[in-house]
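Visitor: Structure file run-v4.txt (compact mmCIF, N, CA and C atoms) right here:
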# COMPACT_ATOMS: atom_id res chain seq x y z
N MET A 81 176.23 167.94 116.33
CA MET A 81 175.69 166.61 116.56
C MET A 81 175.29 166.48 118.03
N SER A 82 174.22 165.81 118.26
CA SER A 82 173.69 165.67 119.61
C SER A 82 174.48 164.63 120.38
N GLU A 83 174.50 164.81 121.71
CA GLU A 83 175.17 163.83 122.56
C GLU A 83 174.32 162.59 122.73
N GLY A 84 173.06 162.66 122.42
CA GLY A 84 172.17 161.52 122.54
C GLY A 84 170.74 161.98 122.35
N PRO A 85 169.82 161.05 122.28
CA PRO A 85 168.43 161.44 122.07
C PRO A 85 167.91 162.22 123.27
N ARG A 86 167.07 163.18 122.98
CA ARG A 86 166.46 163.97 124.03
C ARG A 86 165.23 163.25 124.56
N ASP A 87 164.87 163.58 125.77
CA ASP A 87 163.65 163.04 126.36
C ASP A 87 162.46 163.49 125.53
N ALA A 88 161.54 162.59 125.24
CA ALA A 88 160.42 162.89 124.35
C ALA A 88 159.60 164.07 124.84
N GLU A 89 159.39 164.19 126.12
CA GLU A 89 158.57 165.30 126.62
C GLU A 89 159.28 166.62 126.41
N ASP A 90 160.61 166.68 126.66
CA ASP A 90 161.35 167.91 126.45
C ASP A 90 161.42 168.26 124.98
N ALA A 91 161.67 167.26 124.15
CA ALA A 91 161.91 167.51 122.74
C ALA A 91 160.66 167.87 121.98
N PHE A 92 159.54 167.29 122.35
CA PHE A 92 158.37 167.43 121.48
C PHE A 92 157.15 168.01 122.17
N GLY A 93 157.12 168.00 123.49
CA GLY A 93 155.92 168.41 124.19
C GLY A 93 155.86 169.88 124.52
N GLY A 94 156.94 170.60 124.32
CA GLY A 94 156.93 172.01 124.62
C GLY A 94 157.02 172.24 126.11
N PRO A 95 156.71 173.45 126.51
CA PRO A 95 156.71 173.73 127.93
C PRO A 95 155.72 172.79 128.61
N SER A 96 155.93 172.49 129.86
CA SER A 96 155.01 171.56 130.49
C SER A 96 153.59 172.04 130.30
N ASP A 97 152.71 171.12 130.03
CA ASP A 97 151.31 171.40 129.79
C ASP A 97 151.07 172.09 128.46
N ALA A 98 152.02 172.09 127.54
CA ALA A 98 151.85 172.84 126.30
C ALA A 98 150.79 172.28 125.39
N GLU A 99 150.46 171.06 125.57
CA GLU A 99 149.49 170.47 124.64
C GLU A 99 148.13 170.37 125.28
N GLY A 100 147.70 169.17 125.57
CA GLY A 100 146.34 168.95 126.04
C GLY A 100 145.97 169.72 127.28
N SER A 101 146.91 169.93 128.18
CA SER A 101 146.54 170.64 129.39
C SER A 101 147.14 172.03 129.43
N ALA A 102 147.53 172.58 128.28
CA ALA A 102 148.05 173.95 128.25
C ALA A 102 147.08 174.87 128.94
N CYS A 103 145.84 174.60 128.75
CA CYS A 103 144.79 175.33 129.43
C CYS A 103 143.87 174.29 130.01
N GLY A 104 144.37 173.64 131.03
CA GLY A 104 143.60 172.58 131.66
C GLY A 104 142.23 173.07 132.08
N SER A 105 141.35 172.17 132.32
CA SER A 105 139.96 172.51 132.61
C SER A 105 139.82 173.48 133.77
N HIS A 106 140.79 173.55 134.64
CA HIS A 106 140.69 174.44 135.78
C HIS A 106 141.15 175.85 135.45
N GLU A 107 141.76 176.05 134.27
CA GLU A 107 142.32 177.35 133.99
C GLU A 107 141.73 178.04 132.78
N CYS A 108 141.20 177.33 131.82
CA CYS A 108 140.69 177.97 130.62
C CYS A 108 139.27 177.50 130.34
N PRO A 109 138.46 178.40 129.87
CA PRO A 109 137.07 178.04 129.60
C PRO A 109 136.95 177.02 128.48
N GLY A 110 136.15 175.99 128.73
CA GLY A 110 135.82 175.04 127.68
C GLY A 110 136.84 173.98 127.37
N VAL A 111 137.97 173.94 128.07
CA VAL A 111 138.99 172.97 127.75
C VAL A 111 139.42 172.25 129.00
N PRO A 112 139.33 170.97 129.10
CA PRO A 112 138.48 170.12 128.29
C PRO A 112 137.06 170.04 128.82
N ASP A 113 136.79 170.56 130.01
CA ASP A 113 135.45 170.45 130.59
C ASP A 113 134.79 171.83 130.66
N PRO A 114 133.82 172.11 129.79
CA PRO A 114 133.22 173.45 129.75
C PRO A 114 132.39 173.78 130.98
N HIS A 115 132.14 172.82 131.85
CA HIS A 115 131.32 173.06 133.02
C HIS A 115 132.10 173.68 134.18
N LEU A 116 133.42 173.66 134.09
CA LEU A 116 134.24 174.23 135.16
C LEU A 116 134.49 175.70 134.89
N THR A 117 134.53 176.49 135.93
CA THR A 117 134.76 177.92 135.80
C THR A 117 136.26 178.19 135.66
N PRO A 118 136.66 179.06 134.73
CA PRO A 118 138.08 179.36 134.59
C PRO A 118 138.60 180.13 135.80
N ARG A 119 139.80 179.83 136.20
CA ARG A 119 140.40 180.54 137.33
C ARG A 119 141.18 181.76 136.85
N SER A 120 141.84 181.64 135.71
CA SER A 120 142.69 182.74 135.26
C SER A 120 142.81 182.75 133.74
N PRO A 121 142.00 183.55 133.06
CA PRO A 121 142.14 183.65 131.60
C PRO A 121 143.52 184.17 131.19
N GLN A 122 144.13 185.03 132.01
CA GLN A 122 145.47 185.54 131.70
C GLN A 122 146.50 184.42 131.73
N ARG A 123 146.37 183.52 132.69
CA ARG A 123 147.28 182.37 132.77
C ARG A 123 147.11 181.48 131.55
N CYS A 124 145.88 181.30 131.13
CA CYS A 124 145.60 180.50 129.94
C CYS A 124 146.29 181.12 128.72
N LEU A 125 146.14 182.42 128.56
CA LEU A 125 146.75 183.12 127.43
C LEU A 125 148.27 183.04 127.49
N GLN A 126 148.81 183.12 128.69
CA GLN A 126 150.26 183.01 128.87
C GLN A 126 150.74 181.62 128.44
N ARG A 127 150.01 180.57 128.82
CA ARG A 127 150.40 179.21 128.45
C ARG A 127 150.30 179.00 126.94
N ILE A 128 149.28 179.57 126.33
CA ILE A 128 149.15 179.49 124.87
C ILE A 128 150.32 180.20 124.22
N HIS A 129 150.69 181.36 124.73
CA HIS A 129 151.82 182.12 124.20
C HIS A 129 153.11 181.31 124.30
N GLN A 130 153.35 180.67 125.45
CA GLN A 130 154.54 179.86 125.63
C GLN A 130 154.57 178.69 124.64
N ALA A 131 153.44 178.05 124.45
CA ALA A 131 153.39 176.91 123.53
C ALA A 131 153.61 177.37 122.09
N LEU A 132 153.02 178.50 121.71
CA LEU A 132 153.23 179.03 120.37
C LEU A 132 154.71 179.33 120.13
N GLN A 133 155.37 179.92 121.13
CA GLN A 133 156.80 180.18 121.01
C GLN A 133 157.57 178.88 120.85
N HIS A 134 157.21 177.88 121.63
CA HIS A 134 157.89 176.59 121.55
C HIS A 134 157.74 175.97 120.16
N TYR A 135 156.52 175.95 119.65
CA TYR A 135 156.30 175.34 118.33
C TYR A 135 156.97 176.15 117.23
N ARG A 136 156.98 177.47 117.34
CA ARG A 136 157.69 178.30 116.37
C ARG A 136 159.18 177.96 116.39
N ASP A 137 159.74 177.83 117.60
CA ASP A 137 161.15 177.47 117.72
C ASP A 137 161.43 176.07 117.18
N LEU A 138 160.52 175.13 117.45
CA LEU A 138 160.68 173.77 116.93
C LEU A 138 160.68 173.76 115.40
N LEU A 139 159.76 174.54 114.81
CA LEU A 139 159.68 174.60 113.35
C LEU A 139 160.95 175.17 112.73
N GLY A 140 161.66 176.00 113.47
CA GLY A 140 162.92 176.57 112.98
C GLY A 140 164.14 175.77 113.36
N SER A 141 163.94 174.63 114.02
CA SER A 141 165.06 173.83 114.50
C SER A 141 165.56 172.84 113.45
N ASP A 142 166.60 172.12 113.82
CA ASP A 142 167.21 171.16 112.90
C ASP A 142 166.30 169.99 112.53
N ILE A 143 165.26 169.72 113.29
CA ILE A 143 164.41 168.58 112.93
C ILE A 143 163.62 168.87 111.65
N PHE A 144 163.50 170.14 111.29
CA PHE A 144 162.81 170.50 110.05
C PHE A 144 163.79 170.96 108.97
N GLN A 145 165.07 170.70 109.18
CA GLN A 145 166.11 171.09 108.23
C GLN A 145 165.87 170.47 106.86
N ASP A 146 165.49 169.20 106.81
CA ASP A 146 165.27 168.50 105.55
C ASP A 146 163.92 168.83 104.92
N GLN A 147 162.96 169.21 105.75
CA GLN A 147 161.62 169.53 105.28
C GLN A 147 161.12 170.79 105.98
N PRO A 148 161.64 171.95 105.56
CA PRO A 148 161.23 173.20 106.20
C PRO A 148 159.72 173.42 106.05
N GLN A 149 159.16 174.13 107.01
CA GLN A 149 157.72 174.42 107.03
C GLN A 149 157.52 175.93 107.14
N PRO A 150 157.91 176.69 106.11
CA PRO A 150 157.85 178.16 106.21
C PRO A 150 156.44 178.69 106.45
N GLN A 151 155.44 178.05 105.89
CA GLN A 151 154.07 178.52 106.08
C GLN A 151 153.63 178.34 107.53
N LEU A 152 153.98 177.21 108.13
CA LEU A 152 153.65 176.99 109.53
C LEU A 152 154.42 177.96 110.43
N GLU A 153 155.69 178.21 110.12
CA GLU A 153 156.47 179.16 110.92
C GLU A 153 155.85 180.55 110.86
N THR A 154 155.43 180.96 109.66
CA THR A 154 154.79 182.26 109.49
C THR A 154 153.48 182.32 110.28
N THR A 155 152.72 181.25 110.25
CA THR A 155 151.47 181.19 111.00
C THR A 155 151.74 181.31 112.50
N MET A 156 152.78 180.62 112.99
CA MET A 156 153.13 180.72 114.41
C MET A 156 153.49 182.17 114.77
N GLU A 157 154.25 182.82 113.91
CA GLU A 157 154.63 184.23 114.16
C GLU A 157 153.38 185.11 114.22
N GLN A 158 152.46 184.91 113.30
CA GLN A 158 151.23 185.70 113.27
C GLN A 158 150.40 185.47 114.53
N LEU A 159 150.25 184.21 114.92
CA LEU A 159 149.50 183.90 116.14
C LEU A 159 150.17 184.50 117.37
N LEU A 160 151.49 184.43 117.41
CA LEU A 160 152.22 185.02 118.54
C LEU A 160 151.95 186.51 118.64
N ARG A 161 151.93 187.20 117.50
CA ARG A 161 151.66 188.64 117.52
C ARG A 161 150.26 188.92 118.05
N HIS A 162 149.31 188.05 117.76
CA HIS A 162 147.94 188.25 118.21
C HIS A 162 147.76 188.03 119.70
N VAL A 163 148.51 187.09 120.28
CA VAL A 163 148.33 186.81 121.70
C VAL A 163 149.35 187.52 122.58
N GLN A 164 150.34 188.15 121.98
CA GLN A 164 151.39 188.81 122.74
C GLN A 164 150.85 190.08 123.39
N GLU A 165 151.15 190.24 124.67
CA GLU A 165 150.66 191.39 125.40
C GLU A 165 151.45 192.65 125.07
N GLY A 166 152.76 192.55 125.03
CA GLY A 166 153.60 193.71 124.76
C GLY A 166 153.82 193.91 123.28
N HIS A 167 154.74 194.78 122.95
CA HIS A 167 155.07 195.03 121.56
C HIS A 167 156.41 194.39 121.24
N GLY A 168 156.70 194.29 119.98
CA GLY A 168 157.96 193.71 119.56
C GLY A 168 157.81 192.24 119.23
N ARG A 169 158.87 191.71 118.72
CA ARG A 169 158.87 190.32 118.28
C ARG A 169 159.40 189.42 119.39
N PRO A 170 158.68 188.34 119.71
CA PRO A 170 159.16 187.43 120.76
C PRO A 170 160.49 186.80 120.32
N PRO A 171 161.45 186.70 121.24
CA PRO A 171 162.75 186.13 120.87
C PRO A 171 162.65 184.64 120.58
N ARG A 172 163.53 184.18 119.70
CA ARG A 172 163.63 182.75 119.44
C ARG A 172 164.54 182.13 120.48
N HIS A 173 164.23 180.91 120.86
CA HIS A 173 165.03 180.19 121.82
C HIS A 173 165.62 178.97 121.11
N PRO A 174 166.92 179.00 120.82
CA PRO A 174 167.52 177.86 120.10
C PRO A 174 167.37 176.57 120.90
N LEU A 175 167.06 175.52 120.19
CA LEU A 175 166.89 174.21 120.82
C LEU A 175 168.17 173.41 120.67
N ALA A 176 168.37 172.47 121.58
CA ALA A 176 169.53 171.59 121.50
C ALA A 176 169.45 170.78 120.21
N PRO A 177 170.59 170.50 119.60
CA PRO A 177 170.59 169.71 118.36
C PRO A 177 169.99 168.32 118.58
N THR A 178 169.38 167.81 117.54
CA THR A 178 168.79 166.48 117.57
C THR A 178 169.66 165.56 116.72
N ALA A 179 169.86 164.34 117.17
CA ALA A 179 170.63 163.37 116.40
C ALA A 179 169.98 163.18 115.04
N VAL A 180 170.78 163.07 114.01
CA VAL A 180 170.27 162.93 112.64
C VAL A 180 169.28 161.78 112.53
N TRP A 181 169.58 160.66 113.16
CA TRP A 181 168.71 159.49 113.06
C TRP A 181 167.35 159.72 113.72
N ALA A 182 167.25 160.68 114.64
CA ALA A 182 166.01 160.91 115.37
C ALA A 182 165.13 162.00 114.77
N ARG A 183 165.62 162.69 113.77
CA ARG A 183 164.90 163.86 113.23
C ARG A 183 163.55 163.50 112.61
N HIS A 184 163.49 162.41 111.87
CA HIS A 184 162.22 162.04 111.22
C HIS A 184 161.14 161.80 112.27
N LEU A 185 161.46 161.04 113.30
CA LEU A 185 160.50 160.77 114.37
C LEU A 185 160.16 162.06 115.12
N ALA A 186 161.18 162.86 115.40
CA ALA A 186 160.94 164.13 116.11
C ALA A 186 160.01 165.04 115.30
N ARG A 187 160.23 165.09 113.99
CA ARG A 187 159.38 165.90 113.12
C ARG A 187 157.94 165.40 113.14
N HIS A 188 157.78 164.10 113.03
CA HIS A 188 156.45 163.49 113.05
C HIS A 188 155.73 163.81 114.36
N LEU A 189 156.41 163.60 115.49
CA LEU A 189 155.80 163.86 116.79
C LEU A 189 155.49 165.33 117.00
N ALA A 190 156.38 166.21 116.56
CA ALA A 190 156.16 167.65 116.71
C ALA A 190 154.92 168.07 115.93
N LEU A 191 154.77 167.59 114.69
CA LEU A 191 153.60 167.96 113.89
C LEU A 191 152.32 167.37 114.47
N LYS A 192 152.41 166.16 114.99
CA LYS A 192 151.24 165.53 115.61
C LYS A 192 150.80 166.33 116.84
N ARG A 193 151.74 166.72 117.67
CA ARG A 193 151.41 167.50 118.87
C ARG A 193 150.96 168.91 118.51
N LEU A 194 151.52 169.48 117.48
CA LEU A 194 151.09 170.80 117.03
C LEU A 194 149.63 170.74 116.57
N ARG A 195 149.27 169.68 115.87
CA ARG A 195 147.88 169.49 115.43
C ARG A 195 146.95 169.41 116.64
N SER A 196 147.34 168.67 117.66
CA SER A 196 146.53 168.56 118.87
C SER A 196 146.44 169.90 119.58
N PHE A 197 147.54 170.60 119.66
CA PHE A 197 147.55 171.92 120.30
C PHE A 197 146.64 172.89 119.55
N ALA A 198 146.67 172.84 118.22
CA ALA A 198 145.80 173.71 117.42
C ALA A 198 144.33 173.43 117.72
N ALA A 199 143.99 172.18 117.90
CA ALA A 199 142.60 171.83 118.22
C ALA A 199 142.21 172.39 119.58
N VAL A 200 143.12 172.32 120.54
CA VAL A 200 142.84 172.83 121.88
C VAL A 200 142.66 174.35 121.85
N ILE A 201 143.58 175.07 121.23
CA ILE A 201 143.46 176.53 121.26
C ILE A 201 142.27 177.00 120.43
N SER A 202 141.90 176.26 119.40
CA SER A 202 140.72 176.67 118.64
C SER A 202 139.48 176.57 119.52
N ARG A 203 139.42 175.55 120.37
CA ARG A 203 138.30 175.44 121.31
C ARG A 203 138.31 176.58 122.32
N VAL A 204 139.50 176.93 122.80
CA VAL A 204 139.62 178.01 123.77
C VAL A 204 139.15 179.33 123.14
N PHE A 205 139.67 179.65 121.96
CA PHE A 205 139.31 180.91 121.32
C PHE A 205 137.87 180.92 120.86
N ASN A 206 137.37 179.78 120.41
CA ASN A 206 135.97 179.70 120.01
C ASN A 206 135.04 179.96 121.20
N HIS A 207 135.38 179.35 122.34
CA HIS A 207 134.58 179.54 123.54
C HIS A 207 134.67 181.00 124.03
N SER A 208 135.85 181.59 123.93
CA SER A 208 136.04 182.98 124.39
C SER A 208 135.29 183.96 123.52
N ALA A 209 135.11 183.63 122.25
CA ALA A 209 134.44 184.55 121.31
C ALA A 209 132.93 184.59 121.53
N ARG A 210 132.39 183.65 122.25
CA ARG A 210 130.93 183.60 122.47
C ARG A 210 130.47 184.62 123.44
Is it possible to give me this structure as structure tokens?
Guide:
Amino acid sequence: MSEGPRDAEDAFGGPSDAEGSACGSHECPGVPDPHLTPRSPQRCLQRIHQALQHYRDLLGSDIFQDQPQPQLETTMEQLLRHVQEGHGRPPRHPLAPTAVWARHLARHLALKRLRSFAAVISRVFNHSAR
């Protein structure tokens, strides 16, 4: 049981900048301003990797205990393998327990942010493929 509710940014936002600014306009091509030149594509890929790990860990946490998302977890694992530089499976990082009363909201927010993150990385990868 949790000692109390976690801060929303820690609990649902992933590593800092994991969502909308995971690859802020100054670091990744096309997100959100395609007119700015990327400074470090490797940094962008690293931030995407960190966010994918975070969302994979969130999907395996207690907030999805009542409604597991095995297909999403599998997708996160597959994406992690594609962006991972080295070999092997990235380790899971256990998250602090969430209070039972907060799980529904935490699940909703996590899925909402994951959807936003997916839109951002699709723009990044789409732009990179050109």
Visitor: Quick check, in Å to one decimal: how far apart do CA of Asp137 in chain A and atom N of Pro171 in chain A lie?
Guide: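 So the two atoms, CA of Asp137 in chain A and atom N of Pro171 in chain A, lie 9.9 Å apart.
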Visitor: Give the alpha helix (DSSP H) residues of range 161-193 of chain A, as DSSP finds them on the backbone, and put them as a ChimeraX atom specification.
Guide: /A:161-163,183-193
Visitor: If you measure from atom N of Ser141 in chain A to CA of Glu153 in chain A, what distance in Å do you get, rounded to one decimal?
Guide: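 Interatomic distance here is 9.3 Å.
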Visitor: For CA of Arg123 in chain A and CA of Val200 in chain A, quote the distance in Å rounded to one decimal.
Guide: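 So the answer is 15.1 Å.
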Visitor: Looking at only C-alpha atoms, which of A:Phe144, A:Gln126, A:Ser120, A:Gln133 is the one that sits closest to Arg187 in chain A?
Guide: A:Phe144
Visitor: List as a list in words the protein and nucleic acid residues near Leu132 in chain A, meaning an atom at most 7 Å away when all atoms listed in the file are counted, but skip any in the same chain fewer than 6 places from it.
Guide: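 Using all atoms listed in the file, the neighbours found are Met156, Leu159 and Leu160 of chain A.
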Visitor: From the list A:His173, A:Arg136, A:His188, A:Arg210, which residue is nearest Gln158 in chain A when using only C-alpha atoms?
Guide: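 With only C-alpha atoms as the atom set, the closest residue is A:Arg136.
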Visitor: Could you give me, as a PyMOL selection string, the residues that sit within 12 Å of (169.1, 175.6, 118.4) in the file's coordinates, counting only C-alpha atoms?
Guide: chain A and resi 81-82+91+134+136-145+172-178
Visitor: Write out as lines of an AutoDock Vina configuration file an axis-aligned box for range 130-141 of chain A: all of its atoms listed in the file, 3 Å added on each side, centre and edge lengths in Å with one decimal.
Guide:
center_x = 159.3
center_y = 176.8
center_z = 119.2
size_x = 18.5
size_y = 13.8
size_z = 18.9
